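Content type mmCIF, C-alpha atoms and all ligand atoms, from the file work_22.cif:
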data_run
#
loop_
_atom_site.label_atom_id
_atom_site.label_comp_id
_atom_site.auth_asym_id
_atom_site.auth_seq_id
_atom_site.Cartn_x
_atom_site.Cartn_y
_atom_site.Cartn_z
CA MET H 20 -18.19 -3.70 10.03
CA SER H 21 -17.04 -0.46 8.51
CA PHE H 22 -18.40 1.62 5.66
CA PHE H 23 -15.75 0.15 3.33
CA THR H 24 -16.07 -3.50 4.35
CA LYS H 25 -19.81 -4.02 4.05
CA VAL H 26 -19.27 -5.50 0.58
CA ARG H 27 -16.17 -7.48 -0.37
CA PRO H 28 -14.49 -6.38 -2.55
CA TYR H 29 -15.55 -2.74 -2.24
CA ILE H 30 -15.31 -1.37 -5.80
CA ILE H 31 -14.55 2.25 -6.60
CA ALA H 32 -14.48 3.14 -10.30
CA GLY H 33 -14.68 6.17 -12.53
CA PRO H 34 -12.46 8.37 -14.63
CA CYS H 35 -9.10 9.77 -13.59
CA SER H 36 -10.59 13.22 -14.36
CA ALA H 37 -14.09 14.55 -14.83
CA GLU H 38 -13.55 15.97 -18.34
CA THR H 39 -17.00 16.95 -19.59
CA ARG H 40 -20.59 16.61 -18.38
CA GLU H 41 -21.24 14.01 -21.08
CA GLN H 42 -18.18 11.93 -20.18
CA VAL H 43 -19.14 11.93 -16.47
CA LEU H 44 -22.76 10.92 -17.15
CA GLU H 45 -21.81 8.30 -19.75
CA THR H 46 -19.27 6.67 -17.41
CA ALA H 47 -21.57 6.84 -14.39
CA GLY H 48 -24.44 5.29 -16.38
CA ALA H 49 -22.30 2.37 -17.49
CA LEU H 50 -20.82 1.84 -14.03
CA ALA H 51 -24.17 1.99 -12.25
CA LYS H 52 -25.08 -1.19 -14.17
CA LEU H 53 -22.00 -2.93 -12.71
CA ASN H 54 -23.17 -2.33 -9.15
CA ILE H 55 -20.01 -0.58 -8.07
CA GLN H 56 -20.01 0.89 -4.56
CA LEU H 57 -18.50 4.31 -5.27
CA PHE H 58 -18.01 6.54 -8.35
CA ARG H 59 -14.68 8.40 -8.45
CA ALA H 60 -13.61 11.38 -10.54
CA GLY H 61 -10.72 13.80 -10.11
CA ILE H 62 -11.83 17.39 -10.35
CA TRP H 63 -8.82 19.15 -8.84
CA LYS H 64 -5.84 17.39 -10.37
CA SER H 65 -2.46 17.73 -8.70
CA ARG H 66 -0.22 17.39 -11.74
CA THR H 67 3.49 16.72 -11.68
CA ARG H 68 4.39 19.50 -14.12
CA PRO H 69 2.61 22.75 -15.00
CA GLY H 70 0.73 22.94 -18.24
CA SER H 71 -1.17 19.65 -17.91
CA PHE H 72 -4.95 19.53 -17.47
CA GLU H 73 -5.58 20.48 -13.83
CA GLY H 74 -9.24 19.53 -13.56
CA ASN H 75 -12.56 21.32 -14.05
CA GLY H 76 -13.06 22.26 -10.40
CA VAL H 77 -16.45 23.34 -9.06
CA GLN H 78 -18.15 23.06 -12.46
CA ALA H 79 -17.44 19.31 -12.41
CA LEU H 80 -19.07 19.01 -8.98
CA GLU H 81 -22.36 19.88 -10.68
CA TRP H 82 -21.85 17.01 -13.14
CA LEU H 83 -21.14 14.63 -10.27
CA GLN H 84 -24.25 15.80 -8.46
CA GLU H 85 -26.24 15.09 -11.60
CA ALA H 86 -24.67 11.62 -11.97
CA LYS H 87 -25.52 10.92 -8.35
CA GLN H 88 -29.14 11.93 -8.76
CA GLN H 89 -29.60 10.19 -12.12
CA TYR H 90 -27.94 6.86 -11.24
CA GLY H 91 -28.14 6.68 -7.45
CA LEU H 92 -24.39 6.33 -7.10
CA LEU H 93 -22.27 7.49 -4.18
CA VAL H 94 -19.46 9.76 -5.37
CA THR H 95 -15.91 10.56 -4.26
CA VAL H 96 -13.38 13.23 -5.25
CA GLU H 97 -9.81 14.02 -4.25
CA VAL H 98 -9.40 17.01 -1.94
CA ALA H 99 -6.08 18.71 -1.38
CA GLU H 100 -7.10 22.04 0.16
CA THR H 101 -9.64 23.07 2.79
CA ALA H 102 -11.54 25.03 0.11
CA HIS H 103 -11.92 21.76 -1.84
CA ILE H 104 -13.54 20.13 1.20
CA GLU H 105 -15.97 23.01 1.59
CA GLN H 106 -17.01 22.87 -2.07
CA ALA H 107 -17.21 19.07 -2.22
CA LEU H 108 -19.46 18.93 0.84
CA LYS H 109 -21.64 21.72 -0.51
CA TYR H 110 -22.30 19.59 -3.60
CA GLY H 111 -23.08 16.44 -1.62
CA VAL H 112 -19.90 14.43 -2.29
CA ASP H 113 -20.22 11.26 -0.17
CA VAL H 114 -16.59 10.25 0.39
CA LEU H 115 -13.34 12.25 0.14
CA TRP H 116 -9.92 10.96 -0.79
CA ILE H 117 -6.49 12.35 -0.07
CA GLY H 118 -3.96 11.96 -2.89
CA ALA H 119 -0.42 10.66 -2.59
CA ARG H 120 1.07 14.10 -3.12
CA THR H 121 -0.95 15.46 -0.19
CA SER H 122 -0.64 12.61 2.32
CA VAL H 123 3.13 13.17 2.19
CA ASN H 124 2.67 16.58 3.88
CA PRO H 125 1.65 16.50 7.59
CA PHE H 126 0.93 20.26 7.75
CA GLN H 127 -1.51 20.02 4.86
CA VAL H 128 -3.06 16.81 6.17
CA GLN H 129 -3.63 18.48 9.53
CA HIS H 130 -5.36 21.46 7.86
CA LEU H 131 -7.66 19.04 6.04
CA ALA H 132 -8.32 17.02 9.19
CA ASP H 133 -9.16 20.21 11.12
CA ALA H 134 -11.59 21.21 8.39
CA LEU H 135 -13.37 17.85 8.86
CA LYS H 136 -13.93 18.16 12.62
CA GLY H 137 -17.57 17.41 13.32
CA VAL H 138 -18.27 16.40 9.69
CA ASP H 139 -19.70 12.94 9.06
CA VAL H 140 -17.93 11.96 5.84
CA PRO H 141 -15.66 8.95 5.20
CA VAL H 142 -12.10 9.64 4.04
CA MET H 143 -9.67 7.46 2.07
CA VAL H 144 -5.96 8.18 2.43
CA LYS H 145 -3.60 7.16 -0.36
CA ASN H 146 -0.10 6.11 0.61
CA PRO H 147 2.41 8.98 0.42
CA VAL H 148 4.67 8.97 -2.65
CA ASN H 149 7.62 7.67 -0.59
CA THR H 150 7.85 4.35 1.25
CA ASP H 151 7.31 5.75 4.74
CA ILE H 152 4.79 3.65 6.64
CA ASP H 153 4.78 6.03 9.62
CA LEU H 154 3.93 8.99 7.40
CA TRP H 155 0.99 7.06 5.93
CA GLN H 156 -0.17 5.91 9.38
CA GLY H 157 0.28 9.46 10.68
CA ALA H 158 -1.95 10.90 7.94
CA ILE H 159 -4.65 8.33 8.72
CA GLU H 160 -4.43 9.05 12.44
CA ARG H 161 -4.77 12.81 11.90
CA PHE H 162 -8.21 12.15 10.37
CA GLU H 163 -9.13 9.62 13.06
CA LYS H 164 -8.16 12.10 15.78
CA ALA H 165 -10.26 14.78 14.12
CA GLY H 166 -13.22 12.43 14.61
CA VAL H 167 -13.67 11.35 10.97
CA PRO H 168 -15.96 8.32 11.43
CA GLU H 169 -14.60 6.04 8.69
CA VAL H 170 -11.04 6.15 7.40
CA ALA H 171 -9.64 3.77 4.78
CA ALA H 172 -6.16 3.42 3.28
CA ILE H 173 -5.37 3.12 -0.42
CA HIS H 174 -2.18 1.47 -1.67
CA ARG H 175 -1.34 3.15 -5.00
CA GLY H 176 2.34 2.21 -5.12
CA PHE H 177 5.44 4.30 -4.43
CA SER H 178 7.25 6.63 -6.80
CA GLY H 179 10.76 5.78 -7.91
CA TYR H 180 13.28 7.17 -10.33
CA SER H 181 12.71 4.43 -12.86
CA ALA H 182 9.70 2.27 -13.62
CA ALA H 183 11.08 -0.77 -11.77
CA GLY H 184 9.36 -4.03 -12.65
CA GLY H 185 7.45 -2.20 -15.38
CA PHE H 186 5.26 -0.47 -12.78
CA ARG H 187 4.40 3.22 -12.82
CA ASN H 188 4.43 3.26 -9.02
CA GLN H 189 6.13 0.32 -7.39
CA PRO H 190 3.84 -1.73 -5.13
CA ASN H 191 5.41 -2.55 -1.79
CA TRP H 192 3.08 -5.14 -0.27
CA PRO H 193 4.82 -5.49 3.13
CA ILE H 194 3.92 -1.85 3.89
CA PRO H 195 0.10 -2.10 3.62
CA ILE H 196 0.30 -5.53 5.31
CA GLU H 197 2.23 -4.07 8.24
CA LEU H 198 -0.13 -1.07 8.40
CA LYS H 199 -3.07 -3.44 8.64
CA ARG H 200 -1.29 -5.38 11.40
CA ARG H 201 -0.80 -2.12 13.32
CA LYS H 202 -4.40 -0.99 12.71
CA PRO H 203 -6.56 -4.14 12.53
CA GLY H 204 -9.85 -2.41 11.79
CA LEU H 205 -8.47 -0.33 8.92
CA ALA H 206 -10.02 -1.00 5.50
CA MET H 207 -7.30 -1.39 2.86
CA ILE H 208 -8.01 -0.63 -0.77
CA CYS H 209 -5.69 -1.22 -3.73
CA ASP H 210 -5.39 1.13 -6.72
CA PRO H 211 -4.02 -1.08 -9.50
CA SER H 212 -4.43 1.75 -12.03
CA HIS H 213 -1.79 4.01 -10.49
CA ILE H 214 0.40 1.05 -9.54
CA THR H 215 0.60 -0.39 -13.05
CA GLY H 216 0.09 2.68 -15.22
CA ASN H 217 -1.00 0.07 -17.78
CA ARG H 218 -4.55 -1.17 -18.36
CA HIS H 219 -3.33 -4.61 -19.40
CA ARG H 220 -1.88 -5.34 -15.96
CA ILE H 221 -4.83 -4.17 -13.83
CA ALA H 222 -6.41 -7.64 -13.56
CA GLU H 223 -3.15 -9.21 -12.36
CA ILE H 224 -2.58 -6.63 -9.60
CA ALA H 225 -6.26 -6.60 -8.61
CA GLN H 226 -6.15 -10.38 -8.07
CA LYS H 227 -2.91 -10.11 -6.13
CA ALA H 228 -4.45 -7.48 -3.84
CA ILE H 229 -7.51 -9.63 -3.15
CA ASP H 230 -5.23 -12.61 -2.43
CA MET H 231 -3.42 -10.40 0.11
CA HIS H 232 -6.73 -9.68 1.81
CA PHE H 233 -7.28 -6.15 0.56
CA ASP H 234 -10.86 -5.02 1.15
CA GLY H 235 -11.42 -3.16 -2.10
CA LEU H 236 -10.18 -1.85 -5.43
CA MET H 237 -10.08 1.59 -7.03
CA ILE H 238 -9.94 1.25 -10.82
CA GLU H 239 -9.85 4.18 -13.23
CA THR H 240 -12.54 3.79 -15.89
CA HIS H 241 -13.24 5.89 -18.98
CA PRO H 242 -15.60 5.31 -21.92
CA ARG H 243 -12.75 5.99 -24.41
CA PRO H 244 -9.52 5.56 -22.43
CA ASP H 245 -7.17 6.47 -25.28
CA GLU H 246 -8.80 9.88 -25.51
CA ALA H 247 -8.57 10.56 -21.74
CA TRP H 248 -7.20 13.96 -20.72
CA SER H 249 -5.09 12.35 -17.99
CA ASP H 250 -3.72 8.85 -17.30
CA ALA H 251 -4.89 7.49 -20.67
CA ALA H 252 -2.72 4.35 -20.67
CA GLN H 253 -4.07 3.01 -17.38
CA GLN H 254 -7.81 3.56 -17.76
CA VAL H 255 -10.15 0.73 -18.73
CA THR H 256 -13.57 0.88 -20.38
CA PRO H 257 -16.61 -0.06 -18.28
CA GLN H 258 -16.78 -3.23 -20.40
CA MET H 259 -13.16 -4.11 -19.50
CA LEU H 260 -13.92 -3.41 -15.85
CA ALA H 261 -16.88 -5.77 -16.01
CA GLU H 262 -14.58 -8.50 -17.39
CA ILE H 263 -11.91 -7.85 -14.76
CA LEU H 264 -14.50 -8.11 -11.98
CA ALA H 265 -16.11 -11.21 -13.45
CA LYS H 266 -12.75 -13.02 -13.56
CA LEU H 267 -11.67 -11.89 -10.10
CA ILE H 268 -11.52 -14.77 -7.63
CA VAL H 269 -12.65 -13.39 -4.29
CA ARG H 270 -10.78 -15.25 -1.58
CA GLU H 271 -11.58 -14.91 2.13
CA GLU H 272 -9.51 -14.98 5.30
CA PHE H 273 -11.48 -17.86 6.79
CA THR H 274 -13.21 -20.97 5.48
CA SER H 275 -16.10 -23.09 6.68
CA ASP H 276 -14.50 -26.14 5.01
CA MET H 277 -13.66 -28.37 8.01
CA SER H 278 -11.09 -30.55 6.27
CA GLY H 279 -9.30 -27.44 4.95
CA GLN H 280 -9.29 -25.99 8.47
CA VAL H 281 -7.84 -29.18 9.96
CA GLN H 282 -5.11 -29.49 7.31
CA LEU H 283 -4.14 -25.86 7.77
CA GLU H 284 -4.06 -26.21 11.54
CA TYR H 285 -1.74 -29.25 11.23
CA LEU H 286 0.61 -27.42 8.85
CA ARG H 287 0.59 -24.34 11.09
CA GLN H 288 1.65 -26.41 14.07
CA LEU H 289 4.57 -27.82 12.10
CA MET H 290 5.46 -24.32 11.04
CA ASP H 291 5.24 -22.94 14.59
CA ASN H 292 7.63 -25.68 15.70
CA LEU H 293 10.08 -24.78 12.95
CA ASP H 294 9.85 -21.10 13.88
CA ALA H 295 10.68 -21.96 17.49
CA GLU H 296 13.73 -23.92 16.26
CA ILE H 297 14.80 -21.03 14.02
CA ILE H 298 14.67 -18.63 16.98
CA ASP H 299 16.67 -21.05 19.16
CA LEU H 300 19.29 -21.31 16.40
CA VAL H 301 19.49 -17.55 16.01
CA ALA H 302 19.99 -17.26 19.77
CA LYS H 303 22.83 -19.81 19.63
CA ARG H 304 24.34 -17.92 16.72
CA MET H 305 24.29 -14.71 18.79
CA GLU H 306 26.07 -16.50 21.65
CA LEU H 307 28.85 -17.52 19.24
CA SER H 308 28.97 -13.97 18.02
CA GLU H 309 29.60 -12.69 21.56
CA GLN H 310 32.39 -15.21 22.07
CA MET H 311 33.92 -14.00 18.82
CA ALA H 312 33.68 -10.42 20.07
CA ASP H 313 35.84 -11.35 23.11
CA VAL H 314 38.51 -12.74 20.76
CA LYS H 315 38.32 -9.69 18.49
CA LYS H 316 38.65 -7.38 21.48
CA ALA H 317 41.63 -9.27 22.86
CA CYS H 318 43.33 -9.20 19.42
CA ASN H 319 42.38 -5.57 18.68
CA MET H 320 40.32 -6.50 15.62
CA THR H 321 37.30 -4.68 14.16
CA ALA H 322 33.78 -5.95 14.83
CA PHE H 323 32.84 -5.69 11.17
CA GLN H 324 35.19 -7.33 8.70
CA PRO H 325 34.31 -6.55 5.08
CA GLY H 326 36.18 -9.56 3.64
CA ARG H 327 34.42 -11.99 5.98
CA TRP H 328 31.00 -10.49 5.14
CA ARG H 329 31.74 -10.78 1.37
CA ASP H 330 32.67 -14.46 1.84
CA MET H 331 29.51 -15.04 3.89
CA VAL H 332 27.28 -13.45 1.25
CA GLU H 333 28.84 -15.70 -1.37
CA ALA H 334 28.44 -18.81 0.76
CA ILE H 335 24.81 -18.16 1.77
CA SER H 336 23.91 -17.26 -1.83
CA ARG H 337 25.33 -20.58 -3.07
CA ARG H 338 23.49 -22.43 -0.32
CA ALA H 339 20.24 -20.61 -1.13
CA GLU H 340 20.53 -21.66 -4.76
CA THR H 341 20.96 -25.32 -3.84
CA ARG H 342 17.65 -25.10 -1.91
CA GLN H 343 15.81 -23.20 -4.65
CA LEU H 344 15.53 -20.10 -2.48
CA PRO H 345 15.94 -16.65 -4.08
CA LYS H 346 19.43 -15.52 -3.03
CA GLU H 347 18.27 -11.86 -2.70
CA PHE H 348 15.80 -13.00 -0.03
CA ILE H 349 18.41 -14.97 1.92
CA VAL H 350 20.98 -12.16 1.69
CA GLU H 351 18.39 -9.65 2.91
CA LEU H 352 17.50 -11.94 5.80
CA TYR H 353 21.17 -12.33 6.69
CA GLU H 354 21.79 -8.60 6.48
CA LYS H 355 19.41 -8.27 9.43
CA ILE H 356 21.01 -11.14 11.39
CA HIS H 357 24.51 -9.92 10.64
CA HIS H 358 23.61 -6.37 11.59
CA GLU H 359 22.33 -7.54 14.98
CA SER H 360 25.44 -9.65 15.45
CA ILE H 361 27.70 -6.66 14.71
CA ARG H 362 25.65 -4.50 17.06
CA LYS H 363 26.25 -7.02 19.86
CA GLN H 364 29.97 -7.24 19.06
CA LEU H 365 30.33 -3.45 19.04
CA ALA H 366 28.77 -3.37 22.51
CA VAL H 367 31.41 -5.84 23.73
CA LEU H 368 34.24 -3.88 22.07
CA GLU H 369 33.05 -0.56 23.42
CA LYS H 370 32.42 -1.77 26.97
CA LYS H 371 35.08 -0.34 29.26
CA ASP H 372 37.12 -3.12 30.83
CA GLU H 373 37.05 -2.38 34.57
CA LYS H 374 40.29 -4.32 35.23
CA ILE H 375 42.43 -2.39 32.73
CA LYS H 376 41.92 1.35 33.45
C1 LIG H 401 -5.78 9.80 -8.84
O1 LIG H 401 -6.31 8.89 -8.19
O2 LIG H 401 -6.23 10.23 -9.90
C2 LIG H 401 -4.49 10.33 -8.37
C3 LIG H 401 -4.04 11.50 -8.72
O3 LIG H 401 -3.86 9.45 -7.61
P1 LIG H 401 -2.49 9.54 -6.74
O4 LIG H 401 -2.73 10.53 -5.67
O5 LIG H 401 -2.39 8.14 -6.30
O6 LIG H 401 -1.37 9.92 -7.69
MN MN H 402 -5.24 9.19 -12.33
#
Representation of the structure as structure tokens:
Amino acid sequence: MSFFTKVRPYIIAGPCSAETREQVLETAGALAKLNIQLFRAGIWKSRTRPGSFEGNGVQALEWLQEAKQQYGLLVTVEVAETAHIEQALKYGVDVLWIGARTSVNPFQVQHLADALKGVDVPVMVKNPVNTDIDLWQGAIERFEKAGVPEVAAIHRGFSGYSAAGGFRNQPNWPIPIELKRRKPGLAMICDPSHITGNRHRIAEIAQKAIDMHFDGLMIETHPRPDEAWSDAAQQVTPQMLAEILAKLIVREEFTSDMSGQVQLEYLRQLMDNLDAEIIDLVAKRMELSEQMADVKKACNMTAFQPGRWRDMVEAISRRAETRQLPKEFIVELYEKIHHESIRKQLAVLEKKDEKIK
């Protein structure tokens, strides 16, 4: 059991930025009563454009130290430079986190990881701003290789040109799910504040994350969110956080309910059988595809035929609709199948025919 999975869900809360000593102590006092696991506050703020509030720096570390002593909370700050690590550790910060704008940069991540060699402090790594799972995994592994004892991942959504789906940073659930498949012991935390950018949608995304087996939540909390110096629209009051947590249904991976287990096992067997059939059908489809490649080669035709692909997309979309399946999903699935089919056909077309020469 890791540092971040001792309690489920592991709750991290606190303001986007440590603004004043009073704001830090007021928030920490209210959150201590909610039994959160970790108090967060940004003190070096990496802002998108110059001129915004960039954090109170070392001065705010003193406020955090005070909050820690007064309320017995563990505290975490974002570090983006090796000097930040030095200062944070000097002031007894318990956990460090790496922001999305830093985890995107392997050189910087390596500097930070090197600075943590031999230091016993847990680190949380936010996903990079772009949807690159390997970059995220790479950042995590740099800390693991440096010997950091506990590393967690935070899904805070991915930046895009427009606020698709009404999100500030688009969630992309298959990415954290795949990362967790690749690294089974990795604790995965969701940051619904930076995903939604909107305090009214935090509860919905928090529940979704728990239903997808995330281990924890990081939720920005401020005593007077509308007056916040950064990220005002997405911060909740401690009272709102208490309500969100009270309504959260904590679901688990396993159950001790025997009849539920038996039903699930039965359904899984049916599903495994269907999956085996699907794979057999795909294999048969690929055989047909190779036969078609022989014909195309003999007739000097291209492997990919845009008109045929357009007709196929139309036909599978119509079929999907008749079975109440989202056509975007079916088309995406077929793009993969079709791509593999074309790859096989190209191999046939490009293979030198020994007899001709
Ligand atoms: C933050 O948590 O305040 C923050 C800046 O987050 P991110 O790195 O996800 O933008
Ligand atoms: Mn923020």
Nearest to H:Cys318, restricted to only C-alpha atoms and choosing among H:Leu50, H:Lys227, H:Leu368, H:Gly185, comes out as H:Leu368
Counting all atoms listed in the file, which residues of chain H fall within 8 Å of ligand MN 402 (chain H), and what is the closest atom pair for each with its distance in Å at one decimal, ordered by chain and rising number, as JSON lines?
{"residue": "H:Pro34", "atom": "CA", "partner": "H:MN402", "partner_atom": "MN", "distance": 7.6}
{"residue": "H:Cys35", "atom": "CA", "partner": "H:MN402", "partner_atom": "MN", "distance": 4.1}
{"residue": "H:Ser36", "atom": "CA", "partner": "H:MN402", "partner_atom": "MN", "distance": 7.0}
{"residue": "H:Gly61", "atom": "CA", "partner": "H:MN402", "partner_atom": "MN", "distance": 7.5}
{"residue": "H:Ser212", "atom": "CA", "partner": "H:MN402", "partner_atom": "MN", "distance": 7.5}
{"residue": "H:His213", "atom": "CA", "partner": "H:MN402", "partner_atom": "MN", "distance": 6.5}
{"residue": "H:Glu239", "atom": "CA", "partner": "H:MN402", "partner_atom": "MN", "distance": 6.9}
{"residue": "H:Ser249", "atom": "CA", "partner": "H:MN402", "partner_atom": "MN", "distance": 6.5}
{"residue": "H:Asp250", "atom": "CA", "partner": "H:MN402", "partner_atom": "MN", "distance": 5.2}
Which residues form the shell of 9 Å around ligand LIG 401 (chain H) when you count only C-alpha atoms and all ligand atoms, given as a ChimeraX atom specification? /H:34-36,59-61,64-66,96-97,116-122,145-148,173-177,188,210,212-214,237-239,249-250
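Of the residues under consideration (H:Val123, H:Ile152, H:Val128, H:Ala322), H:Ala322 shows the shortest atom-to-atom contact distance to H:Arg362 when counting all atoms listed in the file.
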Could you give me, as a ChimeraX atom specification, the residues within 7 Å of stretch 349-353 of chain H, counting all atoms listed in the file and dropping anything in the same chain fewer than 3 positions from it? /H:332,336,339,345-346,356-357
Point-to-point distance in Å for atom CA of H:Val269 and atom CA of H:Pro28: 7.5 Å
Among listed residues H:Val114, H:Ala158, H:Met143, H:Leu264, nearest H:Ile208 (using all atoms listed in the file): H:Met143
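Between atom CA of H:Lys315 and atom CA of H:Asp330 the interatomic distance comes to 18.2 Å.
In this structure, atom CA of H:Ala222 sits 8.3 Å away from atom CA of H:Lys266.
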Nearest residue to H:Lys164 from the set H:Val94, H:Ala107, H:Leu131, H:Ile194 (distances using only C-alpha atoms): H:Leu131
Neighbour residues at most 9 Å from (-18.7, 10.0, 2.5) (all atoms listed in the file) as number ranges by chain: H: 22, 93-95, 111-115, 139-142, 169
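If you measure from each of H:Ala132, H:Val77, H:Met320, H:Leu260 to H:Pro244 using only C-alpha atoms, the closest one turns out to be H:Leu260.
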With distances taken over only C-alpha atoms, which residue among H:Glu333, H:Glu41, H:Asp133, H:Glu340 lies nearest H:Trp82? H:Glu41
Would you compute an axis-aligned box for stretch 339-342 of chain H, covering every atom listed for it in the file with 3 Å of margin on each side, and report centre and edge lengths in Å to one decimal as AutoDock Vina command-line options?
--center_x 19.3 --center_y -23.0 --center_z -2.9 --size_x 9.3 --size_y 10.7 --size_z 9.6
Find the residues around H:Ala261 up to 12 Å (only C-alpha atoms counted), leave out those fewer than 4 positions away in its own chain, and share them as a ChimeraX atom specification. /H:30,32,49-55,222,238,240,255-257,265-267
May I have the residues from that selection written out with C-alpha atoms, as an mmCIF file, in the coordinates of the input?
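out14.cif, freshly written:
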data_model
loop_
_atom_site.group_PDB
_atom_site.id
_atom_site.type_symbol
_atom_site.label_atom_id
_atom_site.label_comp_id
_atom_site.auth_asym_id
_atom_site.auth_seq_id
_atom_site.Cartn_x
_atom_site.Cartn_y
_atom_site.Cartn_z
ATOM 1 C CA ILE H 30 -15.310 -1.370 -5.800
ATOM 2 C CA ALA H 32 -14.480 3.140 -10.300
ATOM 3 C CA ALA H 49 -22.300 2.370 -17.490
ATOM 4 C CA LEU H 50 -20.820 1.840 -14.030
ATOM 5 C CA ALA H 51 -24.170 1.990 -12.250
ATOM 6 C CA LYS H 52 -25.080 -1.190 -14.170
ATOM 7 C CA LEU H 53 -22.000 -2.930 -12.710
ATOM 8 C CA ASN H 54 -23.170 -2.330 -9.150
ATOM 9 C CA ILE H 55 -20.010 -0.580 -8.070
ATOM 10 C CA ALA H 222 -6.410 -7.640 -13.560
ATOM 11 C CA ILE H 238 -9.940 1.250 -10.820
ATOM 12 C CA THR H 240 -12.540 3.790 -15.890
ATOM 13 C CA VAL H 255 -10.150 0.730 -18.730
ATOM 14 C CA THR H 256 -13.570 0.880 -20.380
ATOM 15 C CA PRO H 257 -16.610 -0.060 -18.280
ATOM 16 C CA ALA H 265 -16.110 -11.210 -13.450
ATOM 17 C CA LYS H 266 -12.750 -13.020 -13.560
ATOM 18 C CA LEU H 267 -11.670 -11.890 -10.100
#
